[in-house]
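Participant: Sharing run.txt (compact mmCIF, C-alpha atoms) below.
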# COMPACT_ATOMS: atom_id res chain seq x y z
CA MET A 1 -13.55 -19.06 -7.52
CA PHE A 2 -10.40 -18.54 -9.59
CA ASP A 3 -7.48 -16.58 -8.16
CA ASP A 4 -3.76 -17.36 -8.14
CA HIS A 5 -3.43 -16.50 -4.43
CA ASP A 6 -4.29 -19.43 -2.14
CA ILE A 7 -5.09 -17.16 0.79
CA VAL A 8 -7.62 -15.15 -1.23
CA ARG A 9 -9.40 -18.30 -2.37
CA ALA A 10 -9.38 -19.68 1.16
CA GLY A 11 -10.91 -16.49 2.52
CA PHE A 12 -13.62 -16.36 -0.11
CA ARG A 13 -14.31 -20.08 0.32
CA TYR A 14 -14.79 -19.60 4.06
CA ILE A 15 -17.12 -16.62 3.61
CA LEU A 16 -19.30 -18.30 0.98
CA SER A 17 -19.42 -21.67 2.76
CA GLN A 18 -21.24 -20.03 5.68
CA HIS A 19 -24.35 -19.70 3.49
CA SER A 20 -26.41 -22.79 2.68
CA ASP A 21 -27.77 -21.36 -0.57
CA ILE A 22 -24.27 -21.06 -2.06
CA GLU A 23 -22.34 -24.12 -3.24
CA ILE A 24 -18.71 -23.92 -4.40
CA LYS A 25 -18.30 -26.37 -7.28
CA ALA A 26 -14.83 -25.50 -8.57
CA GLU A 27 -11.79 -23.39 -7.87
CA GLY A 28 -8.31 -22.90 -9.29
CA LYS A 29 -5.36 -20.57 -9.73
CA THR A 30 -5.11 -20.13 -13.52
CA GLY A 31 -7.26 -18.87 -16.35
CA ARG A 32 -7.07 -22.23 -18.11
CA GLU A 33 -8.38 -23.97 -15.00
CA ALA A 34 -11.27 -21.52 -14.97
CA LEU A 35 -12.12 -22.26 -18.61
CA ALA A 36 -11.88 -26.01 -18.00
CA ALA A 37 -14.36 -25.67 -15.12
CA VAL A 38 -16.72 -23.61 -17.27
CA ARG A 39 -16.70 -26.40 -19.84
CA SER A 40 -17.06 -29.31 -17.43
CA GLN A 41 -19.05 -27.99 -14.46
CA ASP A 42 -22.63 -26.79 -14.16
CA LEU A 43 -21.67 -23.33 -12.93
CA HIS A 44 -24.11 -20.46 -12.46
CA VAL A 45 -21.62 -17.86 -11.18
CA ALA A 46 -17.86 -17.61 -11.65
CA VAL A 47 -15.60 -15.29 -9.64
CA ILE A 48 -12.46 -14.65 -11.70
CA ASP A 49 -9.39 -12.63 -10.79
CA LEU A 50 -8.42 -9.95 -13.30
CA SER A 51 -4.73 -10.88 -13.07
CA MET A 52 -3.68 -14.53 -13.34
CA PRO A 53 -0.39 -16.10 -14.44
CA ASP A 54 -1.50 -17.44 -17.82
CA LEU A 55 -4.58 -15.59 -19.09
CA SER A 56 -5.93 -12.24 -17.96
CA GLY A 57 -9.37 -12.11 -16.40
CA MET A 58 -10.56 -10.16 -19.46
CA ASP A 59 -9.43 -13.00 -21.75
CA VAL A 60 -11.10 -15.59 -19.52
CA LEU A 61 -14.28 -13.49 -19.44
CA LYS A 62 -14.43 -13.32 -23.23
CA GLN A 63 -13.80 -17.03 -23.75
CA ALA A 64 -16.06 -18.15 -20.90
CA LYS A 65 -18.99 -16.12 -22.27
CA ALA A 66 -18.41 -17.71 -25.69
CA ILE A 67 -18.54 -21.18 -24.10
CA LYS A 68 -21.51 -20.47 -21.82
CA PRO A 69 -23.26 -17.15 -22.62
CA GLU A 70 -25.68 -17.49 -19.71
CA LEU A 71 -22.89 -17.76 -17.11
CA SER A 72 -22.73 -14.83 -14.67
CA ILE A 73 -19.14 -13.69 -14.16
CA LEU A 74 -17.83 -11.47 -11.37
CA ILE A 75 -14.39 -9.99 -12.06
CA LEU A 76 -12.17 -9.65 -8.99
CA SER A 77 -9.25 -7.23 -8.71
CA ALA A 78 -6.86 -5.64 -6.24
CA TYR A 79 -7.60 -2.36 -7.99
CA SER A 80 -10.69 -0.19 -7.53
CA GLU A 81 -13.67 0.41 -9.78
CA ASP A 82 -12.05 3.63 -10.99
CA GLN A 83 -9.41 1.66 -12.87
CA TYR A 84 -11.31 -1.29 -14.34
CA GLY A 85 -14.95 -1.33 -13.25
CA LEU A 86 -16.56 0.22 -16.30
CA ASN A 87 -14.39 -1.72 -18.73
CA VAL A 88 -15.24 -5.13 -17.31
CA LEU A 89 -18.94 -4.31 -17.45
CA LYS A 90 -18.55 -3.24 -21.09
CA ALA A 91 -16.77 -6.54 -21.75
CA GLY A 92 -19.77 -8.54 -20.50
CA ALA A 93 -19.09 -9.14 -16.81
CA SER A 94 -22.04 -9.24 -14.43
CA GLY A 95 -20.12 -7.22 -11.85
CA PHE A 96 -16.79 -6.03 -10.51
CA LEU A 97 -15.41 -6.80 -7.05
CA SER A 98 -12.51 -5.12 -5.30
CA LYS A 99 -10.46 -7.41 -3.04
CA GLU A 100 -11.03 -4.84 -0.31
CA LEU A 101 -14.77 -5.56 -0.23
CA ALA A 102 -16.53 -6.61 2.96
CA ALA A 103 -17.75 -10.19 3.42
CA GLU A 104 -21.41 -9.21 3.10
CA GLN A 105 -20.69 -7.48 -0.22
CA LEU A 106 -19.24 -10.69 -1.65
CA VAL A 107 -22.31 -12.69 -0.63
CA SER A 108 -24.64 -9.99 -1.94
CA ALA A 109 -22.77 -9.86 -5.25
CA VAL A 110 -22.93 -13.62 -5.77
CA ARG A 111 -26.65 -13.75 -4.94
CA THR A 112 -27.41 -10.76 -7.16
CA VAL A 113 -25.74 -12.12 -10.29
CA ALA A 114 -27.04 -15.65 -9.62
CA ALA A 115 -30.53 -14.13 -9.87
CA GLY A 116 -29.67 -12.81 -13.33
CA ARG A 117 -29.00 -9.20 -12.35
CA ARG A 118 -25.86 -7.10 -12.48
CA TYR A 119 -23.99 -6.28 -9.30
CA ILE A 120 -23.04 -2.60 -9.31
CA SER A 121 -21.47 -1.03 -6.23
CA PRO A 122 -22.49 2.49 -5.18
CA ARG A 123 -19.17 3.83 -6.49
CA LEU A 124 -19.57 2.14 -9.87
CA SER A 125 -23.19 3.29 -10.07
CA GLU A 126 -21.98 6.87 -9.59
CA MET A 127 -19.39 6.43 -12.35
CA LEU A 128 -22.03 5.07 -14.73
CA ALA A 129 -24.28 8.04 -13.97
CA LEU A 130 -21.43 10.49 -14.60
CA GLY A 131 -20.60 8.71 -17.83
CA LEU A 132 -24.08 9.58 -19.11
CA THR A 133 -23.35 13.28 -18.66
CA GLN A 134 -21.63 14.61 -21.76
CA ASP A 135 -19.80 17.43 -20.04
CA ILE A 136 -17.97 15.06 -17.69
CA GLU A 137 -14.39 14.55 -18.87
CA GLN A 138 -13.53 10.86 -18.87
CA PRO A 139 -10.02 9.46 -18.35
CA PRO A 140 -8.51 8.49 -21.73
CA HIS A 141 -8.64 4.73 -21.13
CA LEU A 142 -12.40 4.87 -20.53
CA ARG A 143 -12.88 6.20 -24.07
CA LEU A 144 -11.57 2.95 -25.53
CA SER A 145 -13.82 0.27 -26.98
CA GLU A 146 -13.83 -3.17 -25.39
CA ARG A 147 -11.35 -4.55 -27.96
CA GLU A 148 -9.13 -1.46 -27.81
CA PHE A 149 -8.93 -1.71 -24.03
CA GLN A 150 -8.11 -5.41 -24.29
CA ILE A 151 -5.19 -4.65 -26.60
CA PHE A 152 -4.14 -1.64 -24.51
CA SER A 153 -3.94 -3.93 -21.44
CA LYS A 154 -1.56 -6.25 -23.27
CA LEU A 155 0.60 -3.53 -24.81
CA VAL A 156 1.30 -1.90 -21.45
CA VAL A 157 2.77 -5.11 -20.02
CA GLY A 158 5.13 -5.49 -22.95
CA ARG A 159 3.28 -7.88 -25.26
CA SER A 160 4.26 -7.45 -28.92
CA VAL A 161 1.78 -7.01 -31.75
CA THR A 162 2.52 -10.57 -32.91
CA GLU A 163 2.00 -12.01 -29.43
CA ILE A 164 -1.27 -10.13 -29.00
CA ALA A 165 -2.44 -11.33 -32.41
CA ASP A 166 -1.76 -14.93 -31.34
CA ASP A 167 -3.51 -14.40 -27.96
CA LEU A 168 -6.65 -12.97 -29.55
CA CYS A 169 -6.68 -15.02 -32.77
CA LEU A 170 -6.40 -11.86 -34.88
CA SER A 171 -4.02 -10.89 -37.66
CA SER A 172 -1.02 -8.72 -36.81
CA LYS A 173 -2.36 -6.12 -39.22
CA THR A 174 -5.66 -5.94 -37.33
CA VAL A 175 -3.87 -5.56 -33.98
CA SER A 176 -1.66 -2.82 -35.46
CA THR A 177 -4.79 -1.00 -36.63
CA TYR A 178 -6.30 -1.19 -33.14
CA ARG A 179 -3.00 -0.02 -31.65
CA SER A 180 -2.93 3.03 -33.93
CA ARG A 181 -6.56 3.81 -33.13
CA LEU A 182 -6.15 3.62 -29.35
CA LEU A 183 -2.95 5.69 -29.44
CA GLU A 184 -4.85 8.38 -31.34
CA LYS A 185 -7.83 8.25 -28.95
CA MET A 186 -5.59 8.59 -25.92
CA GLY A 187 -3.32 11.24 -27.44
CA PHE A 188 -0.12 9.19 -27.27
CA ARG A 189 2.54 8.24 -29.83
CA THR A 190 4.36 5.18 -28.48
CA ASN A 191 3.90 2.05 -26.38
CA ALA A 192 6.17 3.64 -23.78
CA ASP A 193 3.68 6.50 -23.45
CA LEU A 194 0.92 3.95 -22.85
CA THR A 195 2.96 2.12 -20.23
CA GLN A 196 3.77 5.35 -18.38
CA TYR A 197 0.07 6.25 -18.38
CA ALA A 198 -0.87 2.77 -17.11
CA VAL A 199 1.68 2.93 -14.29
CA LYS A 200 0.58 6.43 -13.28
CA ASN A 201 -3.08 5.37 -13.20
CA ASN A 202 -2.53 1.99 -11.51
CA LEU A 203 -3.75 0.06 -14.55
CA ILE A 204 -1.01 -2.59 -14.61
CA THR A 205 -2.10 -5.65 -12.61
With the file now loaded, output its structure as structure tokens.

Facilitator:
Amino acid sequence: MFDDHDIVRAGFRYILSQHSDIEIKAEGKTGREALAAVRSQDLHVAVIDLSMPDLSGMDVLKQAKAIKPELSILILSAYSEDQYGLNVLKAGASGFLSKELAAEQLVSAVRTVAAGRRYISPRLSEMLALGLTQDIEQPPHLRLSEREFQIFSKLVVGRSVTEIADDLCLSSKTVSTYRSRLLEKMGFRTNADLTQYAVKNNLIT
């Protein structure tokens, strides 16, 4: 369990500790602590907050899957499935959890992904079904590829092209190309337009 809020971790720890088939092997408050645990611990499921002080949950997801491809990862967020659910599934997560979920949903999600399946809430299942219907108009950010959305998420919080390139081990030219592509897909011209869109749609964590 990796979340930068002590009270959230304490609550989740209490809920999960009530079940004898679930063992908590590691926890922490930063993305780097999560990656260190993935490397050093025999983890089957990791619950990772989308927003942490050093690395985003999307960055941790990407790196953790590279370290241990078989690891099941649940992404946790204060925001609903409407904002991030589909994107984290596209990025390789085994499921998405809202911090407003009930205790039994948390336990069910952990057991589901531990068994090698994806945890998809009824709301997210509905969104996936709608996404298969061509005449359903998707929000602009859901049209982005996994990498485009990753870069979008960094641009809207003020990261520069150079900083993003360093974060993702890409060239600045490559990041600039992705930036141009996602601006075109979303119908915007500037980073300020992206930030306004993100604020309006509750996409900044």

Participant: Calculate how many Å separate atom CA of A:Glu100 from atom CA of A:Arg123, rounding to one decimal.

Facilitator: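 These two atoms are separated by 13.4 Å.
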
Participant: Compare A:Ile7, A:Leu89, A:Ala26, A:Ile73 by their minimum atom-to-atom distance to A:Val110, counting all atoms listed in the file, and give me the closest one.

Facilitator: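 Among the listed residues, A:Ile73 lies closest to A:Val110.
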
Participant: Mind listing whatever residues come within 8 Å of the point (-10.1, -7.2, -20.7)? Use all atoms listed in the file, file coordinates, and give them as an mmCIF file with C-alpha atoms, in the frame of the given file.

Facilitator:
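Contents of the output file out.cif:
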data_model
loop_
_atom_site.group_PDB
_atom_site.id
_atom_site.type_symbol
_atom_site.label_atom_id
_atom_site.label_comp_id
_atom_site.auth_asym_id
_atom_site.auth_seq_id
_atom_site.Cartn_x
_atom_site.Cartn_y
_atom_site.Cartn_z
ATOM 1 C CA SER A 56 -5.930 -12.240 -17.960
ATOM 2 C CA GLY A 57 -9.370 -12.110 -16.400
ATOM 3 C CA MET A 58 -10.560 -10.160 -19.460
ATOM 4 C CA ASP A 59 -9.430 -13.000 -21.750
ATOM 5 C CA LEU A 61 -14.280 -13.490 -19.440
ATOM 6 C CA LYS A 62 -14.430 -13.320 -23.230
ATOM 7 C CA ASN A 87 -14.390 -1.720 -18.730
ATOM 8 C CA VAL A 88 -15.240 -5.130 -17.310
ATOM 9 C CA ALA A 91 -16.770 -6.540 -21.750
ATOM 10 C CA GLU A 146 -13.830 -3.170 -25.390
ATOM 11 C CA ARG A 147 -11.350 -4.550 -27.960
ATOM 12 C CA PHE A 149 -8.930 -1.710 -24.030
ATOM 13 C CA GLN A 150 -8.110 -5.410 -24.290
ATOM 14 C CA SER A 153 -3.940 -3.930 -21.440
#

Participant: Pick the closest to A:Gly116 from A:Ala192, A:Ala103, A:Leu71, A:Leu76: which is it, counting all atoms listed in the file?

Facilitator: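 The shortest atom-to-atom distance to A:Gly116 comes from A:Leu71.
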
Participant: Using all atoms listed in the file, which residue out of A:Gly92, A:Gly31, A:Gly85, A:Pro140 lies closest to A:Pro122?

Facilitator: A:Gly85

Participant: Kindly give the distance, in Å, that separates atom CA of A:Lys65 and atom CA of A:Cys169, rounded to a single decimal.

Facilitator: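 So the two atoms, atom CA of A:Lys65 and atom CA of A:Cys169, lie 16.2 Å apart.
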
Participant: What is the distance, in Å and to one decimal place, between atom CA of A:His141 and atom CA of A:Ser171?

Facilitator: 23.2 Å

Participant: Which is closest to A:Leu128 among A:Lys200, A:Lys90, A:Arg179, A:His5, if we use all atoms listed in the file?

Facilitator: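 Ranking A:Lys200, A:Lys90, A:Arg179, A:His5 by distance to A:Leu128, first place goes to A:Lys90.
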
Participant: Give me, as a VMD selection string, all polymer residues having an atom no more than 12 Å from A:Val38, counting only C-alpha atoms and skipping those fewer than 4 positions away in the same chain.

Facilitator: chain A and resid 1 to 2 25 to 28 31 to 34 42 to 48 60 to 61 63 to 73

Participant: Just checking: using only C-alpha atoms, which residue out of A:Ser180, A:Ser94, A:Leu50, A:Leu106 ends up closest to A:Ser17?

Facilitator: A:Leu106

Participant: Using all atoms listed in the file, determine which residues lie at most 12 Å from A:His19, disregarding the query and same-chain residues fewer than 5 positions distant; provide the list as a VMD selection string.

Facilitator: chain A and resid 12 to 14 24 103 to 104 106 to 108 110 to 111

Participant: Smallest atom-to-atom distance to A:Leu55: which of A:Thr30, A:Ser77, A:Ser40, A:Ser121, using only C-alpha atoms?

Facilitator: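 Nearest to A:Leu55: A:Thr30.
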